[in-house]
$ cat target06.csv   # CSV, C-alpha atoms
chain,number,residue,atom,x,y,z
A,243,TRP,CA,-141.8,134.1,5.2
A,244,GLY,CA,-143.9,136.5,3.2
A,245,ARG,CA,-147.6,135.6,3.5
A,246,ALA,CA,-149.9,135.5,6.5
A,247,VAL,CA,-150.3,131.8,6.8
A,248,ARG,CA,-151.5,130.0,10.0
A,249,TRP,CA,-149.4,127.1,11.1
A,250,GLU,CA,-149.0,125.3,14.4
A,251,CYS,CA,-145.7,125.4,16.2
A,252,LEU,CA,-144.9,122.0,17.7
A,253,GLY,CA,-141.9,123.1,19.7
A,254,GLU,CA,-138.1,122.9,19.4
A,255,VAL,CA,-135.7,120.0,19.7
A,256,THR,CA,-131.9,119.5,19.4
A,257,PHE,CA,-130.3,116.3,18.2
A,258,SER,CA,-127.0,114.9,17.0
A,259,ASP,CA,-126.6,112.9,13.7
A,260,SER,CA,-123.8,110.6,12.6
A,261,TYR,CA,-123.8,109.1,9.1
A,262,TRP,CA,-122.0,105.8,8.5
A,263,ASP,CA,-120.5,104.2,5.4
A,264,THR,CA,-117.6,102.1,4.3
A,265,SER,CA,-114.3,103.5,3.0
A,266,ALA,CA,-115.5,102.6,-0.5
A,267,CYS,CA,-118.7,104.6,0.0
A,268,THR,CA,-120.8,101.5,-0.5
A,269,LEU,CA,-124.0,103.0,0.8
A,270,SER,CA,-123.8,106.6,-0.3
A,271,SER,CA,-122.8,105.5,-3.8
A,272,ALA,CA,-126.2,103.8,-3.9
A,273,ASP,CA,-127.9,106.9,-2.5
A,274,THR,CA,-128.6,104.9,0.7
A,275,TRP,CA,-128.0,106.7,4.0
A,276,LEU,CA,-127.3,105.0,7.4
A,277,ARG,CA,-127.9,107.5,10.2
A,278,GLN,CA,-127.6,107.3,14.0
A,279,ARG,CA,-129.7,110.0,15.5
A,280,ASP,CA,-129.2,110.4,19.3
A,281,GLY,CA,-128.4,106.7,19.4
A,282,GLN,CA,-131.3,105.5,17.3
A,283,TRP,CA,-130.6,103.9,13.9
A,284,GLU,CA,-132.3,104.8,10.6
A,285,LEU,CA,-131.7,103.7,7.1
A,286,LYS,CA,-133.0,105.7,4.1
A,287,ILE,CA,-133.4,103.7,0.9
A,288,PRO,CA,-134.4,105.5,-2.3
A,289,ILE,CA,-137.6,104.7,-4.2
A,290,ALA,CA,-138.9,106.1,-7.5
A,291,SER,CA,-140.2,109.6,-7.1
A,292,PRO,CA,-142.9,111.3,-9.3
A,293,GLY,CA,-141.5,113.7,-11.8
A,294,GLY,CA,-137.8,112.6,-11.6
A,295,GLU,CA,-135.2,111.8,-9.0
A,296,GLY,CA,-135.0,115.1,-7.2
A,297,ARG,CA,-131.9,116.1,-5.2
A,298,SER,CA,-129.9,113.5,-3.5
A,299,GLY,CA,-127.3,113.3,-0.7
A,300,GLY,CA,-130.0,112.0,1.5
A,301,GLU,CA,-132.4,114.7,0.2
A,302,ARG,CA,-134.3,113.0,-2.6
A,303,ASN,CA,-138.0,113.6,-2.9
A,304,VAL,CA,-138.9,110.1,-1.7
A,305,PHE,CA,-137.2,107.5,0.5
A,306,ARG,CA,-138.2,104.4,2.3
A,307,GLU,CA,-137.2,104.8,6.0
A,308,ILE,CA,-136.3,101.8,8.1
A,309,THR,CA,-135.8,102.3,11.8
A,310,GLY,CA,-134.5,100.1,14.7
A,311,SER,CA,-131.2,98.3,14.9
A,312,SER,CA,-132.5,94.8,14.0
A,313,GLU,CA,-134.5,96.1,11.0
A,314,VAL,CA,-131.6,98.2,9.8
A,315,ALA,CA,-129.2,95.3,10.1
A,316,ALA,CA,-131.5,92.9,8.2
A,317,ALA,CA,-132.0,95.5,5.4
A,318,LEU,CA,-128.2,96.0,5.0
A,319,ALA,CA,-127.5,92.3,5.0
A,320,SER,CA,-130.1,91.6,2.4
A,321,THR,CA,-129.1,94.5,0.1
A,322,PHE,CA,-125.3,95.0,0.2
A,323,GLU,CA,-122.6,92.4,-0.4
A,324,GLU,CA,-120.3,94.0,2.2
A,325,PHE,CA,-122.9,93.4,5.0
A,326,LYS,CA,-124.0,89.8,4.0
A,327,GLY,CA,-123.0,87.3,6.7
A,328,GLN,CA,-122.9,90.1,9.3
A,329,ARG,CA,-125.6,90.0,12.0
A,330,ALA,CA,-126.3,92.3,15.0
A,331,PRO,CA,-126.5,90.3,18.2
A,332,ASP,CA,-130.0,89.8,19.7
A,333,GLY,CA,-130.9,92.3,22.4
A,334,ASP,CA,-132.7,91.9,25.6
A,335,GLY,CA,-135.4,94.4,24.9
A,336,ASP,CA,-133.6,97.3,26.6
A,337,GLY,CA,-134.2,100.0,23.9
A,338,VAL,CA,-131.1,102.2,24.1
A,339,ALA,CA,-128.8,99.2,24.9
A,340,ASP,CA,-130.2,97.2,22.0
A,341,GLU,CA,-129.5,100.1,19.6
A,342,LEU,CA,-125.8,99.8,20.5
A,343,LEU,CA,-125.6,96.1,19.3
A,344,ILE,CA,-125.5,97.0,15.6
A,345,GLU,CA,-122.2,99.0,15.9
A,346,PRO,CA,-119.9,95.9,16.1
A,347,MET,CA,-121.6,94.5,13.0
A,348,LEU,CA,-121.1,97.8,11.1
A,349,ARG,CA,-117.4,98.0,12.0
A,350,ALA,CA,-116.8,94.4,11.1
A,351,ALA,CA,-118.1,95.3,7.6
A,352,GLY,CA,-115.7,98.3,7.5
A,353,ALA,CA,-118.3,101.0,8.2
A,354,GLU,CA,-117.6,104.0,10.3
A,355,PRO,CA,-119.0,107.5,10.8
A,356,PHE,CA,-118.1,110.0,8.0
A,357,ALA,CA,-120.3,113.0,9.0
A,358,THR,CA,-121.3,114.1,12.5
A,359,PHE,CA,-123.1,117.3,13.4
A,360,ASP,CA,-125.8,118.7,15.7
A,361,THR,CA,-129.1,120.3,14.7
A,362,LYS,CA,-131.4,122.7,16.4
A,363,ARG,CA,-134.9,122.2,14.9
A,364,VAL,CA,-138.1,124.2,15.2
A,365,LYS,CA,-141.1,122.1,14.2
A,366,TYR,CA,-144.4,123.3,12.6
A,367,LYS,CA,-147.5,121.7,11.1
A,368,LEU,CA,-149.6,123.1,8.3
A,369,HIS,CA,-152.3,121.3,6.3
A,370,GLY,CA,-151.1,117.8,7.3
A,371,CYS,CA,-147.5,118.4,6.4
A,372,GLY,CA,-144.6,118.8,8.8
A,373,ILE,CA,-142.3,121.8,8.4
A,374,ASP,CA,-138.8,121.7,10.0
A,375,VAL,CA,-136.6,124.7,10.3
A,376,ASP,CA,-133.1,123.3,10.9
A,377,HIS,CA,-130.0,125.2,12.1
A,378,ALA,CA,-127.0,122.9,11.8
A,379,SER,CA,-123.9,123.3,14.1
A,380,PHE,CA,-121.6,123.9,11.1
A,381,GLY,CA,-123.6,127.0,10.1
A,382,HIS,CA,-126.2,125.8,7.6
A,383,THR,CA,-129.9,126.5,7.8
A,384,VAL,CA,-132.6,124.8,5.8
A,385,VAL,CA,-136.4,124.4,5.7
A,386,GLU,CA,-137.9,121.0,5.0
A,387,VAL,CA,-141.5,120.2,4.2
A,388,GLU,CA,-142.4,116.6,4.5
A,389,LYS,CA,-145.4,114.2,4.5
A,390,MET,CA,-145.1,110.7,5.8
A,391,CYS,CA,-146.8,107.8,3.9
A,392,GLU,CA,-147.9,104.4,5.1
A,393,LYS,CA,-148.0,103.0,1.5
A,394,GLU,CA,-146.1,103.7,-1.7
A,395,SER,CA,-149.4,104.3,-3.4
A,396,GLU,CA,-149.8,107.5,-1.3
A,397,VAL,CA,-146.6,109.1,-2.6
A,398,ASP,CA,-148.1,111.0,-5.5
A,399,ALA,CA,-150.7,112.7,-3.4
A,400,ALA,CA,-148.2,113.5,-0.7
A,401,VAL,CA,-145.8,115.1,-3.2
A,402,LEU,CA,-148.6,117.4,-4.4
A,403,GLU,CA,-149.5,118.3,-0.9
A,404,ILE,CA,-145.9,119.2,-0.1
A,405,GLU,CA,-145.7,121.4,-3.1
A,406,GLN,CA,-148.9,123.3,-2.1
A,407,VAL,CA,-147.6,123.8,1.4
A,408,ALA,CA,-144.2,125.0,0.2
A,409,LYS,CA,-146.0,127.6,-2.0
A,410,LEU,CA,-148.0,128.8,1.0
A,411,ILE,CA,-144.9,129.5,3.0
A,412,ASP,CA,-142.8,130.8,0.0
A,413,ALA,CA,-140.3,128.0,0.4
A,414,GLN,CA,-138.1,127.7,-2.7
A,415,PRO,CA,-136.6,124.5,-4.0
A,416,MET,CA,-132.9,123.9,-3.4
A,417,THR,CA,-130.8,124.8,-6.4
A,418,THR,CA,-127.2,125.8,-5.9
A,419,THR,CA,-127.3,124.9,-2.2
A,420,GLY,CA,-128.3,121.6,-0.7
A,421,GLY,CA,-129.6,120.4,2.6
A,422,LYS,CA,-127.6,119.8,5.7
A,423,LEU,CA,-125.9,116.5,4.7
A,424,GLU,CA,-125.1,117.5,1.1
A,425,THR,CA,-123.7,120.8,2.4
A,426,TYR,CA,-121.6,119.0,5.0
A,427,ILE,CA,-120.3,116.5,2.4
A,428,ARG,CA,-119.3,119.3,0.0
A,429,GLN,CA,-117.5,121.2,2.8
A,430,PHE,CA,-115.8,118.4,4.7
A,431,CYS,CA,-116.0,115.0,2.9
A,432,PRO,CA,-114.1,115.2,-0.4
A,433,GLN,CA,-113.9,111.4,-0.8
A,434,VAL,CA,-117.6,110.9,-0.4
A,435,LEU,CA,-118.4,113.8,-2.7
A,436,ASP,CA,-116.2,112.3,-5.4
A,437,ALA,CA,-118.0,109.0,-5.1
A,438,LEU,CA,-121.4,110.7,-5.3
A,439,VAL,CA,-120.4,112.7,-8.4
A,440,GLN,CA,-118.9,109.7,-10.1
A,441,ASN,CA,-122.1,107.8,-9.6
A,442,GLY,CA,-124.3,110.6,-10.8
A,443,ILE,CA,-126.0,111.2,-7.4
A,444,LEU,CA,-124.7,114.7,-6.9
A,445,LYS,CA,-123.5,117.3,-9.5
A,446,PRO,CA,-120.0,118.7,-9.2
A,447,SER,CA,-119.6,122.0,-7.3
$ encode --input "target06.csv" --output "structure tokens"
Amino acid sequence: WGRAVRWECLGEVTFSDSYWDTSACTLSSADTWLRQRDGQWELKIPIASPGGEGRSGGERNVFREITGSSEVAAALASTFEEFKGQRAPDGDGDGVADELLIEPMLRAAGAEPFATFDTKRVKYKLHGCGIDVDHASFGHTVVEVEKMCEKESEVDAAVLEIEQVAKLIDAQPMTTTGGKLETYIRQFCPQVLDALVQNGILKPS
């Protein structure tokens, strides 16, 4: 990685991701990404980012992240017509079991997994930023630098800090290649890719 920079290694994890959408690509066409990671549900909704939109395919500069099955279900129902009127059953407080309750709601709205892959991740920390080195099961490797924000007002400062850390480790912005999800979509999901290109979210290959 070029320079002698001290960072803290936080360990290594392996996880499995499944991304869900309808056959009409309702979510991805709005640059919104519904992910199930090792059974836990997450929804990434785009918000305005400083200096432009950045890459997409789940790899924009700035997203609002919603976690937990009930929170994700409520966000989907309040944002997308296809999910209005759908509701995840109330759970009994049993974490993993409760996370499974959203799946019937999603399938009733016509959603199903369109991308599934495993990732081996080595995690580091440097100057308050997290650095993830990801090796995906379909052969793609990417480095991500991120900073979590509690409030939208913190975004500008976080972006500057990410840029500074990226320079320290000689990380280069993605240009002709994308992150894991974009690369998977380009290789294996032609229908989703077409929808993203048509909506101006990704550029043609």
$ atom_distance --input "target06.csv" --atom1 "CA of Asp263 in chain A" --atom2 "CA of His382 in chain A"
22.4 Å
$ closest_residue --input "target06.csv" --among "A:Leu368, A:Leu348, A:Leu402, A:Val304" --to "Ile289 in chain A" --atoms "all atoms listed in the file"
A:Val304
$ atom_distance --input "target06.csv" --atom1 "CA of Ala316 in chain A" --atom2 "CA of Glu345 in chain A"
13.5 Å
$ atom_distance --input "target06.csv" --atom1 "CA of Thr274 in chain A" --atom2 "CA of Leu423 in chain A"
12.6 Å
$ closest_residue --input "target06.csv" --among "A:Ser270, A:Ser320, A:Val385, A:Glu307" --to "Gln414 in chain A" --atoms "all atoms listed in the file"
A:Val385
$ closest_residue --input "target06.csv" --among "A:Glu250, A:Asp398, A:Asp273, A:Asp259" --to "Lys362 in chain A" --atoms "only C-alpha atoms"
A:Asp259
$ residues_around --input "target06.csv" --residues "Gly381 in chain A" --least-positions-apart "5" --cutoff "10 Å" --atoms "only C-alpha atoms" --output "list in words"
Thr361, Lys422, Thr425 and Tyr426 of chain A
$ residues_around --input "target06.csv" --residues "Gly310 in chain A" --least-positions-apart "3" --cutoff "8 Å" --atoms "all atoms listed in the file" --output "MDAnalysis selection string"
chainID A and resid 282:284 313:314 341
$ closest_residue --input "target06.csv" --among "A:Asp436, A:Asp412, A:Glu403, A:Glu394" --to "Pro288 in chain A" --atoms "only C-alpha atoms"
A:Glu394
$ closest_residue --input "target06.csv" --among "A:Val397, A:Leu276, A:Met347, A:Ala357" --to "Glu324 in chain A" --atoms "all atoms listed in the file"
A:Met347
$ closest_residue --input "target06.csv" --among "A:Ala408, A:Asp360, A:Gly370, A:Glu354" --to "Val387 in chain A" --atoms "all atoms listed in the file"
A:Ala408
$ residues_near_point --input "target06.csv" --point "(-128.7, 94.0, 10.3)" --cutoff "8 Å" --atoms "all atoms listed in the file" --output "number ranges by chain"
A: 311-319, 325, 328-330, 344, 347
